[in-house]
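Accompanying notes for the structure given below.
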Amino acid sequence: MTTVNAARLHARLASLARFGALAGGGVTRSCWSAAHEEARAWLLAEIRAAGLTAWVDPAGNVFGGLGAAAFSASAPVVLTGSHIDTVPEGGTLDGALGVLAGLECLHALRDAGERTRRPLVVAAWSDEEGRYGSLFGSRAFCGKLDVAAIPTMAAVDGERLVDAMARAGFDARRAPEALAPSGAVNAYVELHIEQGPRLDEAGVPIAVVDSIVGVRRTRLTFHGQADHAGTTPMDRRRDAFLAAADYALRARALLDRSASRTVANIGVATVHPGVSNIVPGRAELVHEMRSADAHALAGLAEGCETLAREVGQARGIGVEVRRMSVTAPVACSPRVQAAVASSCKQLGLGYTTLYSAAGHDAQNLASVTESGMLFIPSRGGKSHRVDETSDAEAIERGAAVLLRTLLDLAA
């Protein structure tokens, strides 16, 4: 029976972690950055060294094929992968594990000379973390990219996608050309760390993912009036920051009355002009909401938009609401779930079924093929932080299950 080379997998994970490495641990490797492009070149070299065919599409997605050199409806592939970009001050496994475990599976099968009925491909999707646009690469691949929005897509610091891609040698206007031919993907399975505490606390080695939450991101801008912070009486101020703060607190109370599997976060807050002796004339928030329940997610978003306007009206503050991105929750394919569960049984591993509380490229792939995921435990449930980690044995078990799952789906 073909098995993964654990030492090779761990060595690749350590090598990838060098790109964008931080002095105190962890990594910052946003898509299209210099560190990301160095990592992309390294990954392409590793794919070729494994004896696979490597290619990159116009959206910046990287692929490595075993028995495939392109996507074609005449030879549907079984696809696996994840992403190599990270959040700022993130960990070394989020995304990277799925890409490198997928590469290891294909490498091991090639070394063993094992043939599958369907070709296999590993993918590294671009900008999964959404610096410029949530799940950008897989959206382009699945035909879900808003083409008209490309010229205006930008990071929270204002850097435009078109400029970032141009710096890396890509033309953002060509990203829609990454669309895969209809019927070119037979199935997709993604290995990922859970990024939460459920598996670790339960002591269960593998989770079969049955659904993935939807994610909505909204930018709210509160327009007040800049004034002298010393001479303007308190009762005459139109403080945009106070309106934003009032909204943030009341939105949390609104969330507490929402569905139990619904969460939200305000991780970006900008005050203008941003000095201590001027009353803030403008304040911006980016409000992210997640839920596995599409109805609850839409209801919360609508309620928060209404709340923002109520806060603005009460405080004499103008409010601008702009929806940045919407990703719908999806159910994972029963066929892929069954393949993961069967693989766990073959390997004598216990497993449970969980929903994914984080968004993943797999939910975009669900619009074009049978798509699913499997999780391994995150030690302490830590993720999107520099001390994110999983035990070496957990990584190896996840790769072993992924290999058997790919063989099942490609048989």
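Quick note on naming: the chains in the structure tokens go A, B, ... in the order shown, residues restart at 1 in each chain, and ligands are numbered from 1 in order of appearance.
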Identify, with DSSP run on backbone atoms, the residues in range 80-137 of chain A assigned to strand (DSSP E), and express the list as a PDB file with C-alpha atoms, in the first residue's frame.
ATOM      1  CA  THR A  80      -6.907  18.746  -3.874  1.00  0.00           C
ATOM      2  CA  GLY A  81      -5.060  21.685  -2.337  1.00  0.00           C
ATOM      3  CA  SER A  82      -5.456  24.888  -0.356  1.00  0.00           C
ATOM      4  CA  HIS A  83      -3.386  28.112  -0.274  1.00  0.00           C
ATOM      5  CA  LEU A 120      -4.850  13.991  -9.926  1.00  0.00           C
ATOM      6  CA  VAL A 121      -4.021  17.682  -9.479  1.00  0.00           C
ATOM      7  CA  VAL A 122      -2.863  19.705  -6.460  1.00  0.00           C
ATOM      8  CA  ALA A 123      -3.712  23.425  -6.304  1.00  0.00           C
ATOM      9  CA  ALA A 124      -2.454  26.463  -4.400  1.00  0.00           C
ATOM     10  CA  TRP A 125      -5.252  29.031  -4.699  1.00  0.00           C
TER      11      TRP A 125
END
Point to revise | Å distance separating CA of Gly359 in chain A from CA of Arg335 in chain A, one decimal place | key: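 Rounded to one decimal, the two atoms are 20.5 Å apart.
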Could you find all residues in range 10-217 of chain A that DSSP calls helix (DSSP H, G or I) from the backbone, and write them as an mmCIF file with N, CA and C atoms, in the first residue's frame?
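Below you can see states14.cif, which holds the result:
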data_model
loop_
_atom_site.group_PDB
_atom_site.id
_atom_site.type_symbol
_atom_site.label_atom_id
_atom_site.label_comp_id
_atom_site.auth_asym_id
_atom_site.auth_seq_id
_atom_site.Cartn_x
_atom_site.Cartn_y
_atom_site.Cartn_z
ATOM 1 N N HIS A 10 7.255 17.013 6.291
ATOM 2 C CA HIS A 10 7.669 17.954 7.334
ATOM 3 C C HIS A 10 8.773 18.884 6.842
ATOM 4 N N ALA A 11 9.687 18.351 6.026
ATOM 5 C CA ALA A 11 10.772 19.186 5.488
ATOM 6 C C ALA A 11 10.213 20.270 4.583
ATOM 7 N N ARG A 12 9.217 19.935 3.780
ATOM 8 C CA ARG A 12 8.616 20.951 2.906
ATOM 9 C C ARG A 12 7.864 22.001 3.722
ATOM 10 N N LEU A 13 7.157 21.585 4.744
ATOM 11 C CA LEU A 13 6.451 22.552 5.587
ATOM 12 C C LEU A 13 7.445 23.529 6.221
ATOM 13 N N ALA A 14 8.579 23.011 6.684
ATOM 14 C CA ALA A 14 9.601 23.868 7.285
ATOM 15 C C ALA A 14 10.204 24.811 6.243
ATOM 16 N N SER A 15 10.397 24.309 5.034
ATOM 17 C CA SER A 15 10.969 25.152 3.975
ATOM 18 C C SER A 15 10.026 26.283 3.585
ATOM 19 N N LEU A 16 8.751 25.973 3.417
ATOM 20 C CA LEU A 16 7.780 27.004 3.047
ATOM 21 C C LEU A 16 7.668 28.061 4.136
ATOM 22 N N ALA A 34 6.364 40.140 -2.039
ATOM 23 C CA ALA A 34 7.648 39.556 -2.431
ATOM 24 C C ALA A 34 7.827 38.179 -1.804
ATOM 25 N N ALA A 35 7.456 38.036 -0.523
ATOM 26 C CA ALA A 35 7.598 36.743 0.147
ATOM 27 C C ALA A 35 6.711 35.687 -0.511
ATOM 28 N N HIS A 36 5.511 36.083 -0.889
ATOM 29 C CA HIS A 36 4.601 35.137 -1.536
ATOM 30 C C HIS A 36 5.134 34.709 -2.889
ATOM 31 N N GLU A 37 5.667 35.641 -3.656
ATOM 32 C CA GLU A 37 6.162 35.292 -4.983
ATOM 33 C C GLU A 37 7.410 34.417 -4.902
ATOM 34 N N GLU A 38 8.241 34.618 -3.877
ATOM 35 C CA GLU A 38 9.371 33.716 -3.644
ATOM 36 C C GLU A 38 8.858 32.323 -3.288
ATOM 37 N N ALA A 39 7.798 32.268 -2.468
ATOM 38 C CA ALA A 39 7.208 30.977 -2.096
ATOM 39 C C ALA A 39 6.583 30.298 -3.311
ATOM 40 N N ARG A 40 5.969 31.071 -4.196
ATOM 41 C CA ARG A 40 5.377 30.496 -5.406
ATOM 42 C C ARG A 40 6.469 29.847 -6.273
ATOM 43 N N ALA A 41 7.586 30.550 -6.449
ATOM 44 C CA ALA A 41 8.686 30.003 -7.251
ATOM 45 C C ALA A 41 9.231 28.733 -6.628
ATOM 46 N N TRP A 42 9.341 28.740 -5.301
ATOM 47 C CA TRP A 42 9.806 27.534 -4.595
ATOM 48 C C TRP A 42 8.826 26.376 -4.810
ATOM 49 N N LEU A 43 7.529 26.653 -4.686
ATOM 50 C CA LEU A 43 6.524 25.606 -4.836
ATOM 51 C C LEU A 43 6.546 25.019 -6.249
ATOM 52 N N LEU A 44 6.655 25.865 -7.256
ATOM 53 C CA LEU A 44 6.720 25.371 -8.633
ATOM 54 C C LEU A 44 7.931 24.460 -8.824
ATOM 55 N N ALA A 45 9.061 24.836 -8.212
ATOM 56 C CA ALA A 45 10.256 23.993 -8.306
ATOM 57 C C ALA A 45 10.042 22.652 -7.615
ATOM 58 N N GLU A 46 9.356 22.656 -6.464
ATOM 59 C CA GLU A 46 9.072 21.411 -5.739
ATOM 60 C C GLU A 46 8.125 20.513 -6.538
ATOM 61 N N ILE A 47 7.154 21.111 -7.189
ATOM 62 C CA ILE A 47 6.221 20.335 -8.012
ATOM 63 C C ILE A 47 6.973 19.631 -9.142
ATOM 64 N N ARG A 48 7.840 20.380 -9.792
ATOM 65 C CA ARG A 48 8.612 19.789 -10.903
ATOM 66 C C ARG A 48 9.587 18.732 -10.400
ATOM 67 N N ALA A 49 10.199 18.989 -9.244
ATOM 68 C CA ALA A 49 11.142 18.019 -8.685
ATOM 69 C C ALA A 49 10.445 16.713 -8.306
ATOM 70 N N ALA A 96 -1.043 26.071 4.082
ATOM 71 C CA ALA A 96 0.177 25.384 3.661
ATOM 72 C C ALA A 96 0.049 23.869 3.797
ATOM 73 N N LEU A 97 -0.598 23.406 4.869
ATOM 74 C CA LEU A 97 -0.740 21.966 5.071
ATOM 75 C C LEU A 97 -1.478 21.317 3.912
ATOM 76 N N GLY A 98 -2.589 21.910 3.474
ATOM 77 C CA GLY A 98 -3.375 21.304 2.406
ATOM 78 C C GLY A 98 -2.633 21.237 1.089
ATOM 79 N N VAL A 99 -1.841 22.283 0.800
ATOM 80 C CA VAL A 99 -1.063 22.289 -0.441
ATOM 81 C C VAL A 99 0.041 21.251 -0.393
ATOM 82 N N LEU A 100 0.823 21.261 0.676
ATOM 83 C CA LEU A 100 2.002 20.395 0.725
ATOM 84 C C LEU A 100 1.641 18.939 1.010
ATOM 85 N N ALA A 101 0.569 18.695 1.749
ATOM 86 C CA ALA A 101 0.111 17.310 1.916
ATOM 87 C C ALA A 101 -0.409 16.778 0.585
ATOM 88 N N GLY A 102 -1.119 17.632 -0.174
ATOM 89 C CA GLY A 102 -1.573 17.221 -1.504
ATOM 90 C C GLY A 102 -0.408 16.916 -2.417
ATOM 91 N N LEU A 103 0.619 17.778 -2.397
ATOM 92 C CA LEU A 103 1.818 17.534 -3.200
ATOM 93 C C LEU A 103 2.478 16.226 -2.796
ATOM 94 N N GLU A 104 2.561 15.983 -1.489
ATOM 95 C CA GLU A 104 3.189 14.740 -1.020
ATOM 96 C C GLU A 104 2.408 13.510 -1.480
ATOM 97 N N CYS A 105 1.098 13.582 -1.452
ATOM 98 C CA CYS A 105 0.290 12.446 -1.907
ATOM 99 C C CYS A 105 0.578 12.122 -3.369
ATOM 100 N N LEU A 106 0.603 13.138 -4.209
ATOM 101 C CA LEU A 106 0.865 12.913 -5.633
ATOM 102 C C LEU A 106 2.295 12.442 -5.853
ATOM 103 N N HIS A 107 3.233 12.992 -5.081
ATOM 104 C CA HIS A 107 4.636 12.586 -5.182
ATOM 105 C C HIS A 107 4.785 11.111 -4.807
ATOM 106 N N ALA A 108 4.126 10.715 -3.708
ATOM 107 C CA ALA A 108 4.213 9.322 -3.255
ATOM 108 C C ALA A 108 3.624 8.368 -4.286
ATOM 109 N N LEU A 109 2.502 8.754 -4.886
ATOM 110 C CA LEU A 109 1.879 7.900 -5.897
ATOM 111 C C LEU A 109 2.765 7.775 -7.136
ATOM 112 N N ARG A 110 3.409 8.864 -7.512
ATOM 113 C CA ARG A 110 4.313 8.800 -8.667
ATOM 114 C C ARG A 110 5.516 7.910 -8.355
ATOM 115 N N ASP A 111 6.087 8.077 -7.159
ATOM 116 C CA ASP A 111 7.227 7.242 -6.773
ATOM 117 C C ASP A 111 6.870 5.760 -6.781
ATOM 118 N N ALA A 112 5.644 5.447 -6.365
ATOM 119 C CA ALA A 112 5.208 4.052 -6.287
ATOM 120 C C ALA A 112 4.745 3.515 -7.638
ATOM 121 N N PHE A 136 -10.045 34.767 -3.757
ATOM 122 C CA PHE A 136 -9.939 35.320 -5.109
ATOM 123 C C PHE A 136 -9.653 34.255 -6.170
ATOM 124 N N GLY A 137 -8.618 33.444 -5.960
ATOM 125 C CA GLY A 137 -8.205 32.490 -6.983
ATOM 126 C C GLY A 137 -9.247 31.438 -7.291
ATOM 127 N N SER A 138 -9.856 30.880 -6.250
ATOM 128 C CA SER A 138 -10.872 29.851 -6.492
ATOM 129 C C SER A 138 -12.154 30.460 -7.053
ATOM 130 N N ARG A 139 -12.438 31.724 -6.722
ATOM 131 C CA ARG A 139 -13.582 32.406 -7.345
ATOM 132 C C ARG A 139 -13.365 32.493 -8.858
ATOM 133 N N ALA A 140 -12.154 32.895 -9.254
ATOM 134 C CA ALA A 140 -11.856 33.011 -10.686
ATOM 135 C C ALA A 140 -11.964 31.655 -11.370
ATOM 136 N N PHE A 141 -11.432 30.618 -10.730
ATOM 137 C CA PHE A 141 -11.446 29.264 -11.291
ATOM 138 C C PHE A 141 -12.870 28.751 -11.478
ATOM 139 N N VAL A 147 -16.248 40.466 -12.289
ATOM 140 C CA VAL A 147 -15.284 41.058 -13.213
ATOM 141 C C VAL A 147 -15.296 42.583 -13.137
ATOM 142 N N ALA A 148 -16.477 43.162 -13.026
ATOM 143 C CA ALA A 148 -16.593 44.620 -13.004
ATOM 144 C C ALA A 148 -15.920 45.230 -11.777
ATOM 145 N N ALA A 149 -15.785 44.442 -10.711
ATOM 146 C CA ALA A 149 -15.217 44.967 -9.468
ATOM 147 C C ALA A 149 -13.693 44.925 -9.439
ATOM 148 N N ILE A 150 -13.079 44.219 -10.369
ATOM 149 C CA ILE A 150 -11.625 44.039 -10.327
ATOM 150 C C ILE A 150 -10.863 45.361 -10.248
ATOM 151 N N PRO A 151 -11.200 46.375 -11.051
ATOM 152 C CA PRO A 151 -10.429 47.635 -10.969
ATOM 153 C C PRO A 151 -10.508 48.325 -9.613
ATOM 154 N N THR A 152 -11.557 48.068 -8.845
ATOM 155 C CA THR A 152 -11.730 48.749 -7.559
ATOM 156 C C THR A 152 -11.351 47.884 -6.365
ATOM 157 N N LEU A 161 -5.620 45.843 -6.081
ATOM 158 C CA LEU A 161 -5.298 44.515 -6.601
ATOM 159 C C LEU A 161 -4.540 44.609 -7.918
ATOM 160 N N VAL A 162 -4.985 45.493 -8.810
ATOM 161 C CA VAL A 162 -4.345 45.581 -10.123
ATOM 162 C C VAL A 162 -2.869 45.939 -9.988
ATOM 163 N N ASP A 163 -2.536 46.764 -9.005
ATOM 164 C CA ASP A 163 -1.141 47.154 -8.801
ATOM 165 C C ASP A 163 -0.339 46.010 -8.181
ATOM 166 N N ALA A 164 -0.927 45.332 -7.207
ATOM 167 C CA ALA A 164 -0.231 44.226 -6.549
ATOM 168 C C ALA A 164 0.052 43.095 -7.534
ATOM 169 N N MET A 165 -0.940 42.762 -8.371
ATOM 170 C CA MET A 165 -0.739 41.697 -9.348
ATOM 171 C C MET A 165 0.271 42.105 -10.413
ATOM 172 N N ALA A 166 0.229 43.355 -10.827
ATOM 173 C CA ALA A 166 1.188 43.830 -11.823
ATOM 174 C C ALA A 166 2.611 43.734 -11.290
ATOM 175 N N ARG A 167 2.795 44.066 -10.036
ATOM 176 C CA ARG A 167 4.114 43.974 -9.412
ATOM 177 C C ARG A 167 4.637 42.537 -9.437
ATOM 178 N N ALA A 172 -4.372 41.716 -13.728
ATOM 179 C CA ALA A 172 -5.620 41.422 -13.020
ATOM 180 C C ALA A 172 -6.806 41.328 -13.963
ATOM 181 N N ARG A 173 -6.766 42.073 -15.069
ATOM 182 C CA ARG A 173 -7.882 42.055 -16.013
ATOM 183 C C ARG A 173 -8.039 40.701 -16.687
ATOM 184 N N ARG A 174 -6.980 39.879 -16.670
ATOM 185 C CA ARG A 174 -7.033 38.549 -17.283
ATOM 186 C C ARG A 174 -7.448 37.458 -16.289
ATOM 187 N N ALA A 175 -7.622 37.808 -15.024
ATOM 188 C CA ALA A 175 -7.962 36.802 -14.014
ATOM 189 C C ALA A 175 -9.186 35.961 -14.381
ATOM 190 N N PRO A 176 -10.234 36.542 -14.989
ATOM 191 C CA PRO A 176 -11.396 35.716 -15.352
ATOM 192 C C PRO A 176 -11.065 34.592 -16.335
ATOM 193 N N GLU A 177 -9.934 34.693 -17.026
ATOM 194 C CA GLU A 177 -9.537 33.630 -17.958
ATOM 195 C C GLU A 177 -9.152 32.349 -17.223
ATOM 196 N N ALA A 178 -9.036 32.415 -15.899
ATOM 197 C CA ALA A 178 -8.728 31.222 -15.105
ATOM 198 C C ALA A 178 -9.913 30.264 -15.007
ATOM 199 N N ARG A 198 -12.388 22.216 18.830
ATOM 200 C CA ARG A 198 -13.299 21.088 19.031
ATOM 201 C C ARG A 198 -12.611 19.733 18.948
ATOM 202 N N LEU A 199 -11.805 19.494 17.916
ATOM 203 C CA LEU A 199 -11.121 18.205 17.790
ATOM 204 C C LEU A 199 -10.100 18.006 18.895
ATOM 205 N N ASP A 200 -9.317 19.041 19.169
ATOM 206 C CA ASP A 200 -8.269 18.933 20.178
ATOM 207 C C ASP A 200 -8.856 18.600 21.537
ATOM 208 N N GLU A 201 -9.938 19.269 21.906
ATOM 209 C CA GLU A 201 -10.544 19.032 23.216
ATOM 210 C C GLU A 201 -11.216 17.663 23.303
ATOM 211 N N ALA A 202 -11.723 17.167 22.169
ATOM 212 C CA ALA A 202 -12.388 15.866 22.167
ATOM 213 C C ALA A 202 -11.412 14.713 22.013
#
Check your understanding: For His272 in chain A, which residue out of A:Gln313, A:Thr221, A:Ser367, A:Thr92 is the nearest one, using only C-alpha atoms?
Key ->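 Nearest candidate to His272 in chain A out of A:Gln313, A:Thr221, A:Ser367, A:Thr92: A:Thr221.
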Exercise for review: Report the distance between CA of Val319 in chain A and CA of Arg131 in chain A in Å, rounded to one decimal place.
Suggested key: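 Calculated distance between CA of Val319 in chain A and CA of Arg131 in chain A is 24.1 Å.
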**Study point:** Coordinates-based distance that separates CA of Gln195 in chain A from CA of Pro377 in chain A (Å, one decimal)
**Key:**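 Interatomic distance here is 7.7 Å.
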Check your understanding: Near Leu300 in chain A, counting only C-alpha atoms, which residues have an atom at most 9 Å away, once you skip same-chain residues fewer than 5 positions from it, shown as a list in words?
Key ->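 Listing them by chain and then by number gives Leu254, Leu255, Ser258, Thr262, Met289, His295 and Glu305 of chain A.
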Practice item. Choose the residue, out of A:Glu114, A:Asp361, A:Glu310, A:Glu320, that has the smallest atom-to-atom separation from Gly67 in chain A; count only C-alpha atoms. Key: A:Glu114
Review point. What lies within 12 Å of Leu374 in chain A using only C-alpha atoms, ignoring chain neighbours under 2 positions off, as a VMD selection string?
Key: chain A and resid 80 to 82 97 to 98 188 to 194 199 205 to 212 332 to 333 336 to 341 343 to 344 351 to 356 360 362 371 to 372 376 to 377 395 397 to 403 405 to 406
Check your understanding: With only C-alpha atoms as the basis for distance, which of A:Arg115, A:Glu393, A:Pro58, A:Leu409 is at the shortest distance from Ala7 in chain A?
Key -> A:Glu393
Review point. Of the candidates A:Leu285, A:Ile317, A:Leu9, A:Val330, which one gets nearest to Gln363 in chain A if we count only C-alpha atoms?
Key: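 Going through A:Leu285, A:Ile317, A:Leu9, A:Val330 one by one, the smallest distance to Gln363 in chain A is for A:Val330.
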